[in-house]
Every structure is written in C-alpha cells, then in structure tokens.
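So this one's target37.txt, compact mmCIF, C-alpha atoms and all ligand atoms:
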# COMPACT_ATOMS: atom_id res chain seq x y z
CA MET A 1 26.00 4.52 -10.88
CA GLN A 2 25.17 2.53 -7.77
CA TYR A 3 22.48 -0.14 -7.88
CA ARG A 4 20.17 -1.49 -5.22
CA ASN A 5 17.88 -4.46 -4.74
CA PHE A 6 14.34 -3.92 -5.93
CA GLY A 7 12.24 -5.66 -3.31
CA LYS A 8 11.05 -9.11 -4.32
CA LEU A 9 12.16 -8.73 -7.96
CA ASP A 10 15.37 -10.35 -9.10
CA TRP A 11 16.54 -7.02 -10.50
CA GLN A 12 18.78 -4.17 -9.42
CA VAL A 13 17.59 -0.62 -9.85
CA SER A 14 19.81 2.41 -10.28
CA ALA A 15 19.97 4.51 -7.10
CA LEU A 16 18.86 7.45 -9.25
CA GLY A 17 15.61 7.19 -11.20
CA LEU A 18 14.61 9.72 -13.83
CA GLY A 19 11.34 11.56 -13.39
CA THR A 20 9.93 12.95 -16.61
CA ALA A 21 7.31 15.45 -15.39
CA ARG A 22 9.57 18.49 -15.75
CA LEU A 23 11.38 17.56 -18.94
CA PRO A 24 11.65 20.42 -21.44
CA ARG A 25 8.91 20.19 -24.06
CA ASP A 26 11.47 20.22 -26.82
CA GLU A 27 12.07 16.86 -28.43
CA GLY A 28 15.80 17.33 -28.91
CA GLU A 29 16.45 18.53 -25.36
CA SER A 30 14.28 15.93 -23.64
CA SER A 31 15.71 13.16 -25.78
CA ALA A 32 19.24 14.24 -24.86
CA ILE A 33 18.34 14.14 -21.15
CA ILE A 34 16.66 10.73 -21.27
CA ARG A 35 19.40 9.15 -23.35
CA TYR A 36 22.17 10.69 -21.23
CA ALA A 37 20.52 9.20 -18.13
CA ILE A 38 20.26 5.75 -19.67
CA ASP A 39 23.79 5.91 -21.09
CA HIS A 40 25.02 6.67 -17.57
CA GLY A 41 23.25 3.74 -15.97
CA VAL A 42 19.78 5.04 -15.00
CA ASN A 43 17.37 2.17 -15.54
CA TYR A 44 14.14 3.46 -13.96
CA LEU A 45 11.94 5.94 -15.81
CA ASP A 46 8.95 7.45 -14.06
CA VAL A 47 6.13 8.57 -16.36
CA PRO A 48 3.38 10.68 -14.77
CA TYR A 49 -0.22 10.70 -15.96
CA LEU A 50 -0.77 14.38 -16.67
CA ARG A 51 -4.35 15.51 -16.26
CA ASP A 52 -4.42 17.58 -19.41
CA ALA A 53 -4.78 15.20 -22.35
CA GLY A 54 -2.80 17.44 -24.71
CA GLU A 55 0.06 17.78 -22.23
CA ARG A 56 -0.03 14.05 -21.58
CA GLU A 57 0.23 13.21 -25.25
CA ALA A 58 3.00 15.76 -25.82
CA LEU A 59 5.10 14.34 -22.98
CA SER A 60 4.51 10.77 -24.05
CA ARG A 61 5.58 11.61 -27.60
CA LEU A 62 8.86 13.02 -26.28
CA ILE A 63 9.50 9.94 -24.17
CA SER A 64 8.50 7.57 -26.91
CA SER A 65 10.85 9.27 -29.35
CA ALA A 66 13.76 9.20 -26.87
CA LEU A 67 13.26 5.49 -26.27
CA GLY A 68 13.76 4.54 -29.90
CA GLY A 69 17.02 3.12 -31.15
CA GLY A 70 17.15 0.38 -28.51
CA TYR A 71 16.85 2.66 -25.45
CA ARG A 72 13.50 1.16 -24.45
CA GLN A 73 15.14 -2.18 -23.74
CA ARG A 74 17.66 -0.59 -21.36
CA VAL A 75 15.20 1.01 -18.96
CA LYS A 76 12.11 0.01 -17.02
CA ILE A 77 9.05 2.22 -17.37
CA ALA A 78 6.89 3.01 -14.35
CA ALA A 79 3.57 4.40 -15.58
CA ALA A 80 1.40 6.31 -13.12
CA LEU A 81 -2.36 5.80 -13.08
CA PRO A 82 -3.90 8.51 -10.86
CA VAL A 83 -6.81 7.72 -8.61
CA GLN A 84 -8.58 10.92 -9.66
CA SER A 85 -9.14 9.27 -13.02
CA ILE A 86 -10.01 5.84 -11.67
CA GLY A 87 -13.50 5.58 -10.24
CA SER A 88 -14.11 2.00 -11.25
CA SER A 89 -12.19 -1.04 -12.39
CA VAL A 90 -13.08 -0.13 -16.01
CA ASP A 91 -11.30 3.20 -15.55
CA PHE A 92 -8.14 1.34 -14.63
CA ASP A 93 -8.10 -0.33 -18.05
CA ARG A 94 -8.88 2.94 -19.81
CA CYS A 95 -6.07 4.86 -18.06
CA LEU A 96 -3.59 2.07 -18.66
CA LYS A 97 -4.57 1.87 -22.33
CA GLU A 98 -4.14 5.63 -22.72
CA GLN A 99 -0.70 5.55 -21.10
CA LEU A 100 0.50 2.63 -23.20
CA GLU A 101 -0.84 4.08 -26.45
CA CYS A 102 0.72 7.47 -25.78
CA LEU A 103 4.06 5.88 -25.06
CA GLY A 104 3.78 3.60 -28.04
CA VAL A 105 4.52 0.51 -25.96
CA GLU A 106 2.54 -2.67 -25.42
CA SER A 107 3.33 -2.98 -21.74
CA ALA A 108 4.61 -1.02 -18.77
CA ASP A 109 7.15 -2.66 -16.50
CA PHE A 110 5.37 -1.13 -13.51
CA ALA A 111 1.88 0.32 -13.17
CA ILE A 112 1.65 2.64 -10.20
CA ILE A 113 -1.79 3.43 -8.81
CA GLY A 114 -1.64 6.68 -6.94
CA TRP A 115 -1.92 8.64 -4.80
CA LEU A 116 -3.71 6.26 -2.46
CA ASP A 117 -4.97 7.49 0.89
CA ARG A 118 -7.66 6.73 3.45
CA GLN A 119 -10.26 8.70 1.46
CA ASN A 120 -9.89 7.01 -1.91
CA TRP A 121 -8.61 3.56 -0.97
CA PRO A 122 -11.85 1.99 0.42
CA GLY A 123 -13.82 2.93 -2.71
CA LEU A 124 -11.13 1.71 -5.08
CA HIS A 125 -10.76 -1.52 -3.19
CA GLU A 126 -14.50 -2.04 -3.24
CA ALA A 127 -14.58 -1.33 -6.97
CA GLY A 128 -12.25 -4.27 -7.57
CA ILE A 129 -9.17 -2.31 -8.59
CA ILE A 130 -6.83 -5.01 -7.36
CA SER A 131 -8.36 -7.82 -9.39
CA ARG A 132 -8.42 -5.58 -12.49
CA ALA A 133 -4.75 -4.74 -12.01
CA GLU A 134 -3.91 -8.39 -11.49
CA SER A 135 -5.67 -9.19 -14.77
CA ALA A 136 -3.43 -6.65 -16.50
CA MET A 137 -0.44 -8.44 -15.02
CA ALA A 138 -1.74 -11.81 -16.13
CA ASP A 139 -2.23 -10.71 -19.75
CA GLY A 140 1.14 -8.94 -19.88
CA ARG A 141 0.07 -5.28 -20.11
CA VAL A 142 1.76 -4.69 -16.76
CA GLY A 143 4.92 -6.34 -15.48
CA ALA A 144 4.43 -5.59 -11.81
CA LEU A 145 2.13 -3.55 -9.65
CA GLY A 146 2.79 -0.67 -7.32
CA PHE A 147 1.10 2.26 -5.68
CA SER A 148 2.05 5.71 -4.59
CA PHE A 149 0.99 6.79 -1.17
CA HIS A 150 0.56 9.85 1.01
CA ASP A 151 -1.08 9.05 4.30
CA ASP A 152 -0.50 7.41 7.66
CA TYR A 153 0.91 4.10 8.82
CA GLN A 154 -2.46 2.42 9.49
CA THR A 155 -3.77 3.16 6.00
CA LEU A 156 -0.54 1.91 4.49
CA ARG A 157 -0.88 -1.32 6.42
CA ASP A 158 -4.45 -1.81 5.13
CA ILE A 159 -3.32 -1.30 1.54
CA LEU A 160 -0.34 -3.61 1.90
CA ASN A 161 -2.50 -6.33 3.43
CA ALA A 162 -5.06 -6.12 0.64
CA CYS A 163 -2.83 -7.51 -2.10
CA ASP A 164 0.01 -10.02 -2.30
CA ASN A 165 1.06 -8.71 -5.68
CA TRP A 166 2.32 -5.28 -4.69
CA THR A 167 5.90 -4.95 -5.83
CA LEU A 168 6.66 -1.31 -5.15
CA CYS A 169 5.48 1.54 -3.00
CA GLN A 170 6.27 5.11 -4.03
CA VAL A 171 6.39 7.82 -1.38
CA LYS A 172 7.47 11.43 -1.18
CA TYR A 173 10.49 11.40 1.06
CA SER A 174 13.15 13.89 2.03
CA TYR A 175 14.87 14.86 5.25
CA MET A 176 11.73 16.89 6.00
CA ASP A 177 9.44 13.85 5.81
CA VAL A 178 10.73 11.53 8.50
CA ASP A 179 7.72 11.35 10.74
CA HIS A 180 4.64 11.36 8.56
CA HIS A 181 3.09 10.34 5.24
CA PRO A 182 4.10 7.60 5.99
CA GLY A 183 7.53 8.45 7.43
CA VAL A 184 10.31 6.10 8.44
CA GLY A 185 7.93 3.61 10.11
CA GLY A 186 5.82 3.26 6.97
CA ILE A 187 8.83 2.80 4.75
CA ARG A 188 10.12 0.02 6.99
CA LEU A 189 6.69 -1.61 6.97
CA ALA A 190 6.70 -1.66 3.16
CA THR A 191 10.22 -3.09 2.95
CA ASP A 192 9.39 -5.71 5.60
CA LYS A 193 6.57 -6.83 3.30
CA GLY A 194 9.11 -7.25 0.50
CA LEU A 195 8.22 -4.12 -1.47
CA ALA A 196 10.72 -1.89 -3.15
CA VAL A 197 10.39 1.69 -1.90
CA VAL A 198 10.68 4.32 -4.61
CA VAL A 199 11.16 7.88 -3.41
CA SER A 200 9.82 10.86 -5.31
CA GLU A 201 10.60 14.51 -4.58
CA PRO A 202 13.79 13.84 -2.59
CA LEU A 203 14.31 17.61 -2.62
CA LYS A 204 10.62 18.39 -2.07
CA GLY A 205 10.14 19.37 -5.67
CA GLY A 206 13.05 21.83 -5.47
CA ARG A 207 11.78 23.58 -2.35
CA LEU A 208 14.78 22.43 -0.31
CA VAL A 209 17.20 24.05 -2.73
CA ASN A 210 15.49 27.10 -4.18
CA LYS A 211 15.17 29.48 -1.23
CA LEU A 212 16.96 29.22 2.05
CA PRO A 213 15.47 30.96 5.11
CA GLY A 214 18.07 32.75 7.25
CA SER A 215 17.65 30.49 10.27
CA VAL A 216 18.02 27.39 8.09
CA ALA A 217 21.14 28.77 6.43
CA GLU A 218 22.51 29.34 9.93
CA ALA A 219 21.78 25.74 10.86
CA TRP A 220 23.68 24.52 7.81
CA GLY A 221 26.61 26.76 8.65
CA ASP A 222 29.88 25.90 6.90
CA ALA A 223 28.49 22.56 5.68
CA LEU A 224 27.26 24.30 2.52
CA ARG A 225 30.84 25.11 1.56
CA GLU A 226 31.54 21.40 1.16
CA ARG A 227 28.28 20.26 -0.40
CA SER A 228 25.39 21.91 -2.20
CA LEU A 229 21.86 21.78 -0.82
CA ALA A 230 20.97 19.27 -3.55
CA GLU A 231 23.89 17.07 -2.56
CA TRP A 232 22.93 17.09 1.11
CA GLY A 233 19.30 16.30 0.26
CA LEU A 234 20.10 13.43 -2.07
CA ARG A 235 22.84 12.01 0.14
CA TRP A 236 20.39 11.94 3.04
CA VAL A 237 17.86 9.89 1.03
CA TRP A 238 20.48 7.50 -0.34
CA HIS A 239 21.91 7.05 3.15
CA HIS A 240 18.85 4.89 3.89
CA PRO A 241 19.36 1.34 2.63
CA GLU A 242 15.61 0.68 2.62
CA ILE A 243 15.19 3.12 -0.29
CA ALA A 244 15.50 1.38 -3.66
CA THR A 245 15.71 4.43 -5.89
CA ALA A 246 15.22 8.19 -5.66
CA VAL A 247 13.35 9.62 -8.64
CA SER A 248 14.54 13.08 -9.53
CA ASP A 249 12.53 15.27 -11.91
CA VAL A 250 15.04 17.32 -13.85
CA SER A 251 14.47 20.03 -16.41
CA THR A 252 18.05 20.49 -17.62
CA LEU A 253 20.95 18.29 -18.59
CA GLU A 254 23.12 20.09 -16.01
CA GLN A 255 20.83 19.03 -13.16
CA LEU A 256 20.93 15.46 -14.38
CA GLU A 257 24.71 15.49 -14.66
CA GLU A 258 24.99 16.71 -11.08
CA ASN A 259 22.59 14.03 -9.83
CA ILE A 260 24.38 11.27 -11.69
CA THR A 261 27.74 12.36 -10.33
CA LEU A 262 26.27 12.19 -6.83
CA ALA A 263 24.62 8.82 -7.41
CA ASP A 264 28.08 7.46 -8.19
CA VAL A 265 29.50 8.46 -4.82
CA ALA A 266 26.65 8.49 -2.27
CA PRO A 267 26.23 5.01 -0.83
CA ALA A 268 23.73 3.60 1.65
CA GLY A 269 24.92 4.37 5.17
CA GLY A 270 27.10 7.13 3.77
CA LEU A 271 26.32 9.82 6.37
CA GLY A 272 28.21 9.77 9.63
CA VAL A 273 26.54 10.56 12.96
CA PRO A 274 27.64 14.23 13.02
CA GLU A 275 26.23 14.67 9.52
CA GLN A 276 22.92 13.08 10.50
CA LEU A 277 22.74 15.36 13.54
CA LEU A 278 23.41 18.35 11.32
CA VAL A 279 20.47 17.43 9.09
CA ASN A 280 18.31 17.00 12.20
CA ARG A 281 19.20 20.56 13.23
CA VAL A 282 18.30 21.83 9.77
CA ARG A 283 14.95 20.05 10.01
CA ASP A 284 14.34 21.62 13.41
CA ALA A 285 15.14 25.05 11.97
CA TYR A 286 12.51 24.55 9.26
CA GLN A 287 9.96 23.20 11.75
CA ALA A 288 10.42 26.24 13.95
CA LEU A 289 9.11 28.39 11.09
CA LYS A 290 5.74 26.64 10.97
CA PRO A 291 2.92 29.06 11.71
CA VAL A 292 0.46 26.25 12.63
CA THR A 293 1.77 23.86 15.25
CA CYS A 294 -0.19 20.94 13.80
CA THR A 295 1.57 17.58 14.15
CA THR A 296 -0.69 15.88 11.52
CA CYS A 297 -1.75 13.42 14.22
CA ARG A 298 -5.18 13.41 12.55
CA GLY A 299 -6.94 13.34 15.90
CA CYS A 300 -9.43 15.89 14.53
CA MET A 301 -10.47 13.66 11.65
CA PRO A 302 -12.84 12.74 10.13
CA CYS A 303 -14.53 16.04 9.46
CA PRO A 304 -18.27 15.57 8.74
CA ARG A 305 -17.90 17.98 5.80
CA GLY A 306 -14.98 16.12 4.29
CA ILE A 307 -12.33 18.74 5.03
CA ASP A 308 -8.82 17.36 5.43
CA VAL A 309 -7.65 19.75 8.15
CA PRO A 310 -4.15 18.32 8.73
CA ARG A 311 -3.39 18.22 5.03
CA ILE A 312 -4.50 21.82 4.55
CA PHE A 313 -2.33 22.88 7.50
CA GLU A 314 0.57 20.95 6.05
CA LEU A 315 0.23 22.82 2.76
CA TYR A 316 -0.15 26.13 4.57
CA ASN A 317 2.94 25.48 6.68
CA ASP A 318 4.88 24.40 3.59
CA ALA A 319 3.91 27.61 1.79
CA VAL A 320 5.37 29.62 4.66
CA ILE A 321 8.49 27.67 5.61
CA TYR A 322 9.66 27.18 2.02
CA ASP A 323 8.45 30.65 1.02
CA ASP A 324 6.66 29.10 -1.94
CA ILE A 325 2.96 29.88 -2.07
CA GLU A 326 2.56 28.92 -5.72
CA THR A 327 3.59 25.28 -5.28
CA ALA A 328 1.42 24.84 -2.20
CA ARG A 329 -1.51 26.53 -3.95
CA ALA A 330 -1.13 24.29 -7.00
CA ILE A 331 -1.16 21.17 -4.81
CA TYR A 332 -4.13 22.52 -2.83
CA ARG A 333 -6.09 22.94 -6.06
CA GLU A 334 -4.93 19.65 -7.54
CA GLU A 335 -6.09 17.82 -4.42
CA GLY A 336 -9.49 19.52 -4.56
CA HIS A 337 -9.66 21.05 -1.08
CA GLY A 338 -12.52 23.44 -0.37
CA ILE A 339 -12.66 25.35 2.88
CA GLU A 340 -16.03 26.87 2.03
CA ARG A 341 -17.57 23.51 2.98
CA CYS A 342 -16.71 24.15 6.64
CA ASN A 343 -19.84 25.01 8.67
CA GLU A 344 -17.79 25.86 11.77
CA CYS A 345 -19.35 23.02 13.78
CA GLY A 346 -16.25 23.00 15.99
CA LEU A 347 -15.94 19.22 16.26
CA CYS A 348 -12.34 19.30 15.06
CA GLU A 349 -11.33 21.94 17.62
CA LYS A 350 -12.80 19.90 20.46
CA ALA A 351 -10.75 16.89 19.32
CA CYS A 352 -7.44 18.68 18.87
CA GLY A 353 -5.08 17.91 21.73
CA ARG A 354 -2.95 20.95 20.85
CA ASN A 355 -5.88 23.37 21.16
CA ILE A 356 -5.25 24.77 17.72
CA SER A 357 -7.77 27.38 16.58
CA ILE A 358 -8.54 25.26 13.57
CA ILE A 359 -11.41 27.30 12.16
CA ASP A 360 -9.39 30.54 12.19
CA TRP A 361 -6.37 28.89 10.61
CA LEU A 362 -8.55 27.28 7.96
CA LYS A 363 -9.85 30.72 7.04
CA LYS A 364 -6.28 32.00 6.73
CA ALA A 365 -5.34 29.04 4.56
CA GLY A 366 -8.44 29.60 2.42
CA LYS A 367 -7.49 33.23 1.95
CA LEU A 368 -3.97 32.29 0.90
CA PHE A 369 -4.91 29.48 -1.46
CA GLU A 370 -8.32 30.47 -2.81
CA ASP A 371 -8.25 34.26 -3.16
S1 LIG B 401 -15.34 23.05 12.06
FE1 LIG B 401 -15.20 22.80 9.86
S2 LIG B 401 -13.34 21.62 9.56
FE2 LIG B 401 -13.88 21.40 11.71
S3 LIG B 401 -15.10 19.50 11.79
FE3 LIG B 401 -16.54 21.20 11.55
S4 LIG B 401 -16.86 21.37 9.34
FE4 LIG B 401 -14.99 20.14 9.65
S1 LIG B 402 -5.83 17.15 15.99
FE1 LIG B 402 -4.76 19.12 15.96
S2 LIG B 402 -2.59 18.59 15.81
FE2 LIG B 402 -3.76 16.75 15.25
S3 LIG B 402 -4.01 16.87 13.02
FE3 LIG B 402 -5.80 17.86 13.87
S4 LIG B 402 -5.23 20.04 13.96
FE4 LIG B 402 -3.35 18.89 13.71

Represent the structure of the file as structure tokens.
Amino acid sequence: MQYRNFGKLDWQVSALGLGTARLPRDEGESSAIIRYAIDHGVNYLDVPYLRDAGEREALSRLISSALGGGYRQRVKIAAALPVQSIGSSVDFDRCLKEQLECLGVESADFAIIGWLDRQNWPGLHEAGIISRAESAMADGRVGALGFSFHDDYQTLRDILNACDNWTLCQVKYSYMDVDHHPGVGGIRLATDKGLAVVVSEPLKGGRLVNKLPGSVAEAWGDALRERSLAEWGLRWVWHHPEIATAVSDVSTLEQLEENITLADVAPAGGLGVPEQLLVNRVRDAYQALKPVTCTTCRGCMPCPRGIDVPRIFELYNDAVIYDDIETARAIYREEGHGIERCNECGLCEKACGRNISIIDWLKKAGKLFED
C-alpha cells in the first residue's frame, strides 16, 4: 500500500480509502472486507450517514462489529454528517451523537459536513455550524473537521475562508470531473490552504466501468487489453499528487483485492503523457454523447423559483452518456429537485450564452426523472 501526506496533519493516509456505503449487509462478509482492507494497509474508513434510520443502524452495527479485536485502533474513521439533516447548530450535535452511538465509539477521527454548496452553505454558516463543530473538536468528540463539496470554485473559496480548522475536503473526482465541481482548480485551492483532499467516486460510482458506449470503447482502443477500466480510472486519480486518498465503495472482497493490488503499484505522477492524452480522448468521447451542451457555467443562475438548471442538466447528461437512468434518477430525488416549480419565466434562457432551450430540456429531464 502506498501512503500520502494528509494535509496539515502529521499523518500518512493510505492511497486507497474504504467506503462502506455498499458493503454487503451480512456481518460475516462485511467484516471480512473491512478487516482485509485494514490488514492490507488501508487506514481510512468512510462512514456515510444513511437517511433511513434502520439502514443507518444496520450498517453501523456491521462496522462496529468489524472494528472489534483491535481493528478500531488501526484505522481512522471519517463520519459523514449530511446537511439535509443539519438545519441548526443543535442538529450538528444530534447527528454526530447518532453516528457515534451507532458505531459504538466515543469519537470520530474526522467529522465531514456535506455536501456543502452555494444553496446550503450561507444558512449553515449563519446558524453557527462552524463554532458548534469546533466545540466538538475541543471536547474530543471529533478529531478534525472536514466537509464534502459539490459546487464551483468561488463557493469553495468562501467555505475555505470561513474556518481555519478545516482539515480535509472531500470531492467527487474522476477523469470525467476535471473542469467542474470544483475541478482541478478547486482541488489545488484546497491543497494550497493546507487541506487534505479526499476523493470519492473515483469511478463515478461504477458508471465508468459498468457500460461502455461504442465510441468510448473505440477511444480506449487496445489500451483495455493492458489495463481494466477500473485500473485506468484509479490510476488516473492516483496520478495526481494533490489527492490524499481515493475512497472506493466496494461490495465484494474481489473488488477490494483488485483495488488494493492497484494501490500498491499506482504512484503519483504514474501516467506518462501519451497515457494522459489517451484519457483526454476518452473524456472527449463521453462529452460528445451529451444531449444538452450545458457547460455548467451557471450563468443562468439563480433561478427565482429555486431550480438548479445546470445540476439538472448534468444529471440528465449523465443518465444518457453512462446509459444509467436509475443512478441519475436516484440522485435527482435525493437532491430534491422539482421541475414543476418552473413557471417558464424565461430568465434563464435569456442569460444562457449557449442559447440552450432550457425550458424544453427541463421538461425532458422532468419526464425522465419524475414520470
Ligand atoms: S424559466 Fe424556469 S428554470 Fe428558468 S429561471 Fe424561470 S422558473 Fe427558473
Ligand atoms: S447558462 Fe447555459 S450553459 Fe451555463 S449553466 Fe446555464 S444552461 Fe448551462
């Protein structure tokens, strides 16, 4: 296993982190996966905050059981606290308490507030979330503080500037995410501020490996004889030295074994120029499949009715280019979009420099995701 610096902490994190969201709900199987990871050097465990209380407790029980027998001491736990459940500073304490109790631990090494964006951040900041989180650090319930993020560079800068105690920033990052949310520029901004950057969904939740459109397969060409899609995706993330760890959600021991083998041999700076150009061509092949030519510049925002047009187009495009409507629909619902709020005022269309027929495309997206 390769290890990397973890921002301002005097600690080295394994290049591969273990995500627990997709672990099998069988105690024996999940325990075997978690312990195999730790035995092979993984020292970062990501624990989501599942919305469903029963699911949350079931997952936490599995993790808690796997971390007995001295395993807890060999891994750092990153506990997610989702903004949907935090409306006030009191909610922060409640969510943290629930996570700690479920896991049967007194403290989390990292508490990760997420997913922060321009919509939820001002309210949370106003509600005093930072000072409440800092109190949790002071009394030992939390070792260090982080946030997960899915928005643009400017919003990231505001969040970073609001607190000196941020230690990590978690972003979704893959070779398809170089130029937005927050993209390469945002990642460098976070590392320049001394934060460790933790990557989730390095394979876009499996969408980069499950189905391969013909034009994308053509772009890969013979390269897939040498390396699998998963290997290319993970190697691309690890190529970037500014990434501290890539969290991979696995559901089988075989997937974990493959990832660990790769984490042993895929160093920072490991891709040569021809390989980087190849990945660029693959990205271009995916981009060419987008039905909506939205660049997520956000020039059409804000919408007076609270509709996040670029995000909806991003989900719509993802559904098409990865041929995976179900995942995009699940995210659409989880994020609470609602196209019926649109009153067709046309303000967004007037602001769009690409002259996209936004209202028509919104209707198509609504049909795909809401019907
Ligand atoms: S047309 Fe719809 S999406 Fe566009 S600004 Fe008006 S309400 Fe918002
Ligand atoms: S202004 Fe146009 S291109 Fe930019 S985010 Fe809005 S719809 Fe997309």

Q: List all protein, DNA and RNA residues that have at least one atom no more than 7 Å from any atom of ligand LIG 401 (chain B), counting only C-alpha atoms and all ligand atoms, and write them as a ChimeraX atom specification.
A: /A:303-307,309,341-349,358-359

Next, dump the selected residues to file, keeping only C-alpha atoms, as a short mmCIF file (atom, residue, chain, number, x, y, z; two decimals), in the coordinates of the input.
data_model
loop_
_atom_site.label_atom_id
_atom_site.label_comp_id
_atom_site.auth_asym_id
_atom_site.auth_seq_id
_atom_site.Cartn_x
_atom_site.Cartn_y
_atom_site.Cartn_z
CA CYS A 303 -14.53 16.04 9.46
CA PRO A 304 -18.27 15.57 8.74
CA ARG A 305 -17.90 17.98 5.80
CA GLY A 306 -14.98 16.12 4.29
CA ILE A 307 -12.33 18.74 5.03
CA VAL A 309 -7.65 19.75 8.15
CA ARG A 341 -17.57 23.51 2.98
CA CYS A 342 -16.71 24.15 6.64
CA ASN A 343 -19.84 25.01 8.67
CA GLU A 344 -17.79 25.86 11.77
CA CYS A 345 -19.35 23.02 13.78
CA GLY A 346 -16.25 23.00 15.99
CA LEU A 347 -15.94 19.22 16.26
CA CYS A 348 -12.34 19.30 15.06
CA GLU A 349 -11.33 21.94 17.62
CA ILE A 358 -8.54 25.26 13.57
CA ILE A 359 -11.41 27.30 12.16
#

Q: Could I get the residue neighbourhood of ligand LIG 402 (chain B) at 9 Å, counting all atoms listed in the file, as number ranges by chain?
A: A: 292-301, 308-311, 313-314, 348-358

Q | Radius query 10 Å about (31.0, 13.0, -3.4), atoms used: all atoms listed in the file, as a list in words | A |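 Answer for this query, in the requested form: Glu226, Arg227, Glu231, Arg235, Thr261, Leu262, Ala263, Asp264, Val265, Ala266 and Pro267 of chain A.
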
Q: List the neighbours of His239 of chain A out to 12 Å using all atoms listed in the file; skip same-chain residues closer than 4 positions along the sequence, and give me the result as JSON, numbers by chain.
A: {"A": [15, 174, 175, 231, 232, 233, 234, 235, 243, 244, 245, 246, 263, 265, 266, 267, 268, 269, 270, 271, 272, 273, 275, 276]}

Q) With all atoms listed in the file as the basis for distance, which of A:Ala319, A:Ser215, A:Val47, A:Met1 is at the shortest distance from Ser200 of chain A? A)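 With all atoms listed in the file as the atom set, the closest residue is A:Val47.
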
**Q.** atom CA of Tyr3 of chain A to atom CA of Val75 of chain A, straight-line distance in Å
**A.**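 Atom CA of Val75 of chain A sits 13.3 Å away from atom CA of Tyr3 of chain A.
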
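The space between atom CA of Ser64 of chain A and atom CA of Ala196 of chain A spans 25.7 Å.
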
Got a moment to write segment 226-247 of chain A out with N, CA and C atoms, as a PDB file, in the first residue's frame?
ATOM      1  N   GLU A 226      -4.412  -3.992 -21.866  1.00  0.00           N
ATOM      2  CA  GLU A 226      -3.351  -3.927 -20.832  1.00  0.00           C
ATOM      3  C   GLU A 226      -3.931  -3.676 -19.447  1.00  0.00           C
ATOM      4  N   ARG A 227      -4.944  -2.840 -19.375  1.00  0.00           N
ATOM      5  CA  ARG A 227      -5.498  -2.466 -18.071  1.00  0.00           C
ATOM      6  C   ARG A 227      -7.022  -2.454 -18.148  1.00  0.00           C
ATOM      7  N   SER A 228      -7.641  -2.804 -17.014  1.00  0.00           N
ATOM      8  CA  SER A 228      -9.102  -2.762 -16.968  1.00  0.00           C
ATOM      9  C   SER A 228      -9.567  -1.308 -16.864  1.00  0.00           C
ATOM     10  N   LEU A 229     -10.860  -1.106 -17.067  1.00  0.00           N
ATOM     11  CA  LEU A 229     -11.419   0.245 -16.912  1.00  0.00           C
ATOM     12  C   LEU A 229     -11.205   0.754 -15.487  1.00  0.00           C
ATOM     13  N   ALA A 230     -11.376  -0.149 -14.508  1.00  0.00           N
ATOM     14  CA  ALA A 230     -11.171   0.265 -13.107  1.00  0.00           C
ATOM     15  C   ALA A 230      -9.721   0.696 -12.895  1.00  0.00           C
ATOM     16  N   GLU A 231      -8.802  -0.054 -13.477  1.00  0.00           N
ATOM     17  CA  GLU A 231      -7.390   0.303 -13.289  1.00  0.00           C
ATOM     18  C   GLU A 231      -7.073   1.661 -13.911  1.00  0.00           C
ATOM     19  N   TRP A 232      -7.582   1.892 -15.109  1.00  0.00           N
ATOM     20  CA  TRP A 232      -7.334   3.197 -15.728  1.00  0.00           C
ATOM     21  C   TRP A 232      -7.915   4.323 -14.874  1.00  0.00           C
ATOM     22  N   GLY A 233      -9.152   4.115 -14.392  1.00  0.00           N
ATOM     23  CA  GLY A 233      -9.810   5.164 -13.605  1.00  0.00           C
ATOM     24  C   GLY A 233      -9.070   5.467 -12.318  1.00  0.00           C
ATOM     25  N   LEU A 234      -8.667   4.422 -11.611  1.00  0.00           N
ATOM     26  CA  LEU A 234      -7.970   4.633 -10.334  1.00  0.00           C
ATOM     27  C   LEU A 234      -6.563   5.187 -10.562  1.00  0.00           C
ATOM     28  N   ARG A 235      -5.887   4.655 -11.571  1.00  0.00           N
ATOM     29  CA  ARG A 235      -4.537   5.170 -11.846  1.00  0.00           C
ATOM     30  C   ARG A 235      -4.576   6.658 -12.174  1.00  0.00           C
ATOM     31  N   TRP A 236      -5.630   7.068 -12.884  1.00  0.00           N
ATOM     32  CA  TRP A 236      -5.730   8.488 -13.250  1.00  0.00           C
ATOM     33  C   TRP A 236      -5.865   9.342 -11.977  1.00  0.00           C
ATOM     34  N   VAL A 237      -6.689   8.918 -11.037  1.00  0.00           N
ATOM     35  CA  VAL A 237      -6.856   9.698  -9.798  1.00  0.00           C
ATOM     36  C   VAL A 237      -5.542   9.714  -9.015  1.00  0.00           C
ATOM     37  N   TRP A 238      -4.931   8.555  -8.843  1.00  0.00           N
ATOM     38  CA  TRP A 238      -3.702   8.490  -8.050  1.00  0.00           C
ATOM     39  C   TRP A 238      -2.528   9.192  -8.726  1.00  0.00           C
ATOM     40  N   HIS A 239      -2.626   9.386 -10.017  1.00  0.00           N
ATOM     41  CA  HIS A 239      -1.577  10.120 -10.730  1.00  0.00           C
ATOM     42  C   HIS A 239      -1.396  11.524 -10.130  1.00  0.00           C
ATOM     43  N   HIS A 240      -2.474  12.082  -9.583  1.00  0.00           N
ATOM     44  CA  HIS A 240      -2.440  13.459  -9.079  1.00  0.00           C
ATOM     45  C   HIS A 240      -1.919  13.503  -7.643  1.00  0.00           C
ATOM     46  N   PRO A 241      -0.770  14.112  -7.441  1.00  0.00           N
ATOM     47  CA  PRO A 241      -0.174  14.122  -6.103  1.00  0.00           C
ATOM     48  C   PRO A 241      -0.990  14.913  -5.087  1.00  0.00           C
ATOM     49  N   GLU A 242      -1.854  15.814  -5.574  1.00  0.00           N
ATOM     50  CA  GLU A 242      -2.642  16.633  -4.642  1.00  0.00           C
ATOM     51  C   GLU A 242      -3.789  15.841  -4.014  1.00  0.00           C
ATOM     52  N   ILE A 243      -4.039  14.623  -4.501  1.00  0.00           N
ATOM     53  CA  ILE A 243      -5.083  13.786  -3.894  1.00  0.00           C
ATOM     54  C   ILE A 243      -4.460  12.984  -2.760  1.00  0.00           C
ATOM     55  N   ALA A 244      -5.079  13.070  -1.575  1.00  0.00           N
ATOM     56  CA  ALA A 244      -4.536  12.315  -0.436  1.00  0.00           C
ATOM     57  C   ALA A 244      -4.956  10.849  -0.520  1.00  0.00           C
ATOM     58  N   THR A 245      -6.243  10.627  -0.668  1.00  0.00           N
ATOM     59  CA  THR A 245      -6.716   9.241  -0.743  1.00  0.00           C
ATOM     60  C   THR A 245      -7.943   9.167  -1.634  1.00  0.00           C
ATOM     61  N   ALA A 246      -8.130   8.030  -2.274  1.00  0.00           N
ATOM     62  CA  ALA A 246      -9.317   7.793  -3.096  1.00  0.00           C
ATOM     63  C   ALA A 246     -10.171   6.754  -2.378  1.00  0.00           C
ATOM     64  N   VAL A 247     -11.375   7.159  -2.001  1.00  0.00           N
ATOM     65  CA  VAL A 247     -12.266   6.248  -1.278  1.00  0.00           C
ATOM     66  C   VAL A 247     -13.066   5.432  -2.281  1.00  0.00           C
TER      67      VAL A 247
END
